[in-house]
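Undergrad: One structure, pasted below without further comment.
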Amino acid sequence: MSFVQRVQKDVDSTLELILQEQIPQKRGPLDKFSKVLRYALFPGGKRFRPALTLAAAEACSGDSGAALSIGTAIELIHSYSLIHDDLPCMDDSNFRRGKQATHREFDEGLALLAGNAMLTDAFVVLSELPKRHSISNEATIEIINLIASCAGSSGMVAGQVLDLKSSPRISFPELEFLAIHKTGKLIYASVIAGALTGKPTKEERKALEKYGESIGLLFQILDDLDDAKEATKQRTTELPRASFVQVLGVEEARQRASELIDESIKTIKIFGKRGEPLVELVELLRSKHPQPTLG
Ligand code: GRG
């Protein structure tokens, strides 16, 4: 079993435990609500963010149990953002992860509340780090502060606001700022929160900050390249409101992705063997999106 497959299995079991603890079997509407949460969480997506948290913990010889709890909490936040992003008042998407979006399978009210519950429950999980793992109160507060600020009104939500109001004529700096917030901040938080389960040196933390920033932006550029490829296949010209492919063109977007892949791998060389899972995650993104070699 690969590193990522192991993380997927562990995150699924942790989510299952959280669901059982937060919503013990109740009858009536709450039973239905528990089905809504399950529908949105299983089967999951790539579980890429928790994989980053566990990989960063390993690089810093951190606590893997705590990293799994943190990564799962971040996956709850990510899942809330996907449910809300699909709502008619946002991206108005009917499908997610190969099936009906949550609000289409159930209704808008329940989908909205499922997102709210996931975001809130994530902080229950995080606040219990000292009780369940050997993480100090001080480190817990730092982790909660990092994740909340990366997800909130100066992080992912800010990016979503800009996306909602963006025009296809957006400039490159504006688009980069949008992507760094909408997609990059939560990915950055996944890396740094994992590192905080250990005791990274100043140099190690700096390297992980750079890695987190690069891989966050890379993730969005690759997603835009995928969307553009899909649009060509479907022979549609309908592209996301603001996309790197629209602003840079396919070749330049691929070139930028290739540079970010090289930068992120170079940055984590200082971890040697302990950094291997972090390298594996970049390689996973590369393998799914073959890049041109830079001349
Ligand atoms: C609603 C506050 C709020 C924010 C939504 C994440 C997000 C912000 C919107 C999703 C829009 C989108 C498709 C962005 C592109 C990059 C991205 C985050 C893709 C989805 O993440 P994956 O690929 O999904 O990790 P899985 O399904 O694998 O979990």
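The way I read the labels, and the way they are meant: chains A, B, ... in the order of the structure tokens, residue 1 as the first residue of every chain, and ligand 1 as the first ligand shown, with later ones counted on from there.
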Given a cut-off of 8 Å, what residues near ligand 1 show up using only C-alpha atoms and all ligand atoms, put as an MDAnalysis selection string?
TA: chainID A and resid 44:49 75 78:86 90 96:97 151:152 156:161 182:183 219:220 223:224
Undergrad: Store the residues picked out above in a file with N, CA and C atoms, as a CSV table (one decimal), in the first residue's frame.
TA:
```
chain,number,residue,atom,x,y,z
A,44,GLY,N,-14.5,9.4,-0.6
A,44,GLY,CA,-13.9,10.7,-0.6
A,44,GLY,C,-13.2,11.0,-1.9
A,45,GLY,N,-12.5,12.1,-1.9
A,45,GLY,CA,-11.6,12.4,-3.1
A,45,GLY,C,-10.2,11.9,-2.8
A,46,LYS,N,-9.3,12.7,-3.2
A,46,LYS,CA,-7.9,12.2,-3.1
A,46,LYS,C,-7.3,12.2,-1.7
A,47,ARG,N,-8.0,13.0,-0.8
A,47,ARG,CA,-7.5,13.2,0.6
A,47,ARG,C,-6.0,13.7,0.6
A,48,PHE,N,-5.8,14.6,-0.4
A,48,PHE,CA,-4.5,15.1,-0.6
A,48,PHE,C,-4.0,16.0,0.6
A,49,ARG,N,-4.9,16.8,1.1
A,49,ARG,CA,-4.5,17.7,2.2
A,49,ARG,C,-4.0,16.9,3.5
A,75,GLU,N,-9.6,18.0,6.2
A,75,GLU,CA,-10.5,17.4,5.2
A,75,GLU,C,-11.9,17.8,5.4
A,78,HIS,N,-12.2,21.2,4.0
A,78,HIS,CA,-12.2,21.1,2.5
A,78,HIS,C,-13.5,20.6,2.0
A,79,SER,N,-14.1,19.6,2.7
A,79,SER,CA,-15.4,19.1,2.2
A,79,SER,C,-16.5,20.1,2.3
A,80,TYR,N,-16.5,20.9,3.4
A,80,TYR,CA,-17.5,22.0,3.6
A,80,TYR,C,-17.4,22.9,2.4
A,81,SER,N,-16.1,23.3,2.0
A,81,SER,CA,-15.9,24.3,1.0
A,81,SER,C,-16.4,23.7,-0.4
A,82,LEU,N,-16.3,22.4,-0.6
A,82,LEU,CA,-16.8,21.9,-1.9
A,82,LEU,C,-18.3,21.9,-1.9
A,83,ILE,N,-18.9,21.5,-0.8
A,83,ILE,CA,-20.4,21.5,-0.7
A,83,ILE,C,-20.9,22.9,-1.0
A,84,HIS,N,-20.4,23.9,-0.3
A,84,HIS,CA,-20.8,25.2,-0.5
A,84,HIS,C,-20.5,25.8,-1.9
A,85,ASP,N,-19.3,25.4,-2.4
A,85,ASP,CA,-19.0,25.9,-3.7
A,85,ASP,C,-19.9,25.4,-4.8
A,86,ASP,N,-20.5,24.2,-4.6
A,86,ASP,CA,-21.5,23.7,-5.6
A,86,ASP,C,-22.9,24.3,-5.5
A,90,MET,N,-23.4,29.8,-5.6
A,90,MET,CA,-21.9,29.9,-5.8
A,90,MET,C,-21.7,29.4,-7.2
A,96,ARG,N,-20.4,16.3,-8.3
A,96,ARG,CA,-19.1,16.4,-7.5
A,96,ARG,C,-18.6,15.0,-7.3
A,97,ARG,N,-17.4,14.7,-7.5
A,97,ARG,CA,-16.8,13.4,-7.3
A,97,ARG,C,-17.6,12.3,-8.0
A,151,ALA,N,-8.4,29.4,6.5
A,151,ALA,CA,-9.8,29.1,6.0
A,151,ALA,C,-10.7,30.3,5.9
A,152,GLY,N,-10.5,31.2,6.8
A,152,GLY,CA,-11.5,32.3,7.0
A,152,GLY,C,-11.4,33.5,6.0
A,156,MET,N,-9.2,31.2,2.6
A,156,MET,CA,-10.0,30.6,1.5
A,156,MET,C,-11.2,31.4,1.2
A,157,VAL,N,-11.9,31.9,2.2
A,157,VAL,CA,-13.2,32.6,1.9
A,157,VAL,C,-12.9,33.9,1.1
A,158,ALA,N,-11.8,34.6,1.4
A,158,ALA,CA,-11.4,35.7,0.6
A,158,ALA,C,-11.2,35.3,-0.8
A,159,GLY,N,-10.6,34.2,-1.1
A,159,GLY,CA,-10.4,33.8,-2.5
A,159,GLY,C,-11.7,33.5,-3.2
A,160,GLN,N,-12.6,32.9,-2.4
A,160,GLN,CA,-13.9,32.5,-3.0
A,160,GLN,C,-14.7,33.8,-3.3
A,161,VAL,N,-14.6,34.8,-2.5
A,161,VAL,CA,-15.3,36.1,-2.7
A,161,VAL,C,-14.7,36.7,-4.0
A,182,LYS,N,-7.9,31.1,-2.5
A,182,LYS,CA,-9.0,30.1,-2.6
A,182,LYS,C,-8.5,28.7,-2.4
A,183,THR,N,-7.4,28.4,-3.1
A,183,THR,CA,-7.0,27.0,-3.0
A,183,THR,C,-5.7,26.8,-2.2
A,219,PHE,N,-1.3,23.4,-7.4
A,219,PHE,CA,-2.6,22.6,-7.4
A,219,PHE,C,-3.7,23.3,-8.2
A,220,GLN,N,-3.8,24.6,-8.1
A,220,GLN,CA,-4.8,25.4,-8.9
A,220,GLN,C,-4.4,25.4,-10.3
A,223,ASP,N,-5.3,22.2,-11.8
A,223,ASP,CA,-6.8,22.0,-11.9
A,223,ASP,C,-7.3,22.8,-13.1
A,224,ASP,N,-6.7,24.0,-13.4
A,224,ASP,CA,-7.2,24.8,-14.5
A,224,ASP,C,-6.8,24.1,-15.8
```
Undergrad: Show which residues sit within 10 Å of stretch 15-26 of chain A, as a list of chain:residue names. Count only C-alpha atoms, and ignore same-chain residues fewer than 4 positions away.
TA: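 With the cut-off at 10 Å, the set is A:Asp10, A:Val11, A:Leu30, A:Asp31, A:Lys32, A:Phe33, A:Ser34, A:Leu37, A:Arg38, A:Leu41, A:Phe42, A:Ser69, A:Thr72, A:Ala73, A:Glu75, A:Leu76, A:Ala117, A:Met118, A:Asp121, A:Ala122, A:Val124, A:Val125.
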Undergrad: Residues within 10 Å of A:Ile261, please, as an NGL selection string. Count only C-alpha atoms; anything in the same chain fewer than 6 positions from it doesn't count.
TA: :A and (211 or 214-215 or 218 or 255 or 279 or 282-283 or 285-286 or 291)
Undergrad: Point out the residue among A:Met1, A:Val247, A:Ala55, A:Leu119 with the least atom-to-atom distance to A:Ser171, counting only C-alpha atoms.
TA: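 Checking each of A:Met1, A:Val247, A:Ala55, A:Leu119 against A:Ser171, counting only C-alpha atoms, the winner is A:Val247.
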Undergrad: If DSSP is run on the backbone, what residues of stretch 63-280 of chain A are strand (DSSP E or B)? A reply as a PyMOL selection string would be ideal.
TA: chain A and resi 95-96+99-100
Undergrad: Kindly save the residues from that selection, with N, CA and C atoms included, as a PDB file, in the first residue's frame.
TA:
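Once everything was written out, this is again-v3.pdb:
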```
ATOM      1  N   PHE A  95     -22.775  18.214 -10.146  1.00  0.00           N
ATOM      2  CA  PHE A  95     -22.015  16.993  -9.872  1.00  0.00           C
ATOM      3  C   PHE A  95     -20.751  17.276  -9.084  1.00  0.00           C
ATOM      4  N   ARG A  96     -20.373  16.300  -8.263  1.00  0.00           N
ATOM      5  CA  ARG A  96     -19.124  16.389  -7.484  1.00  0.00           C
ATOM      6  C   ARG A  96     -18.635  14.968  -7.257  1.00  0.00           C
ATOM      7  N   LYS A  99     -20.650  12.015  -8.729  1.00  0.00           N
ATOM      8  CA  LYS A  99     -22.067  11.764  -8.385  1.00  0.00           C
ATOM      9  C   LYS A  99     -22.760  13.113  -8.185  1.00  0.00           C
ATOM     10  N   GLN A 100     -24.062  13.062  -7.927  1.00  0.00           N
ATOM     11  CA  GLN A 100     -24.826  14.303  -7.726  1.00  0.00           C
ATOM     12  C   GLN A 100     -24.216  15.115  -6.578  1.00  0.00           C
TER      13      GLN A 100
END
```
Undergrad: Might you pull out every residue within 12 Å of A:Ser136, with only C-alpha atoms counted and same-chain residues fewer than 2 positions away left off, and present them as a list in words?
TA: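 Residues meeting the cut-off are Asp63, Ala66, Leu126, Ser127, Glu128, Leu129, Pro130, Lys131, Arg132, His133, Ser134, Glu138, Ala139, Thr140, Ile141, Glu142, Ile143, Leu196, Thr197, Gly198 and Lys199 of chain A.
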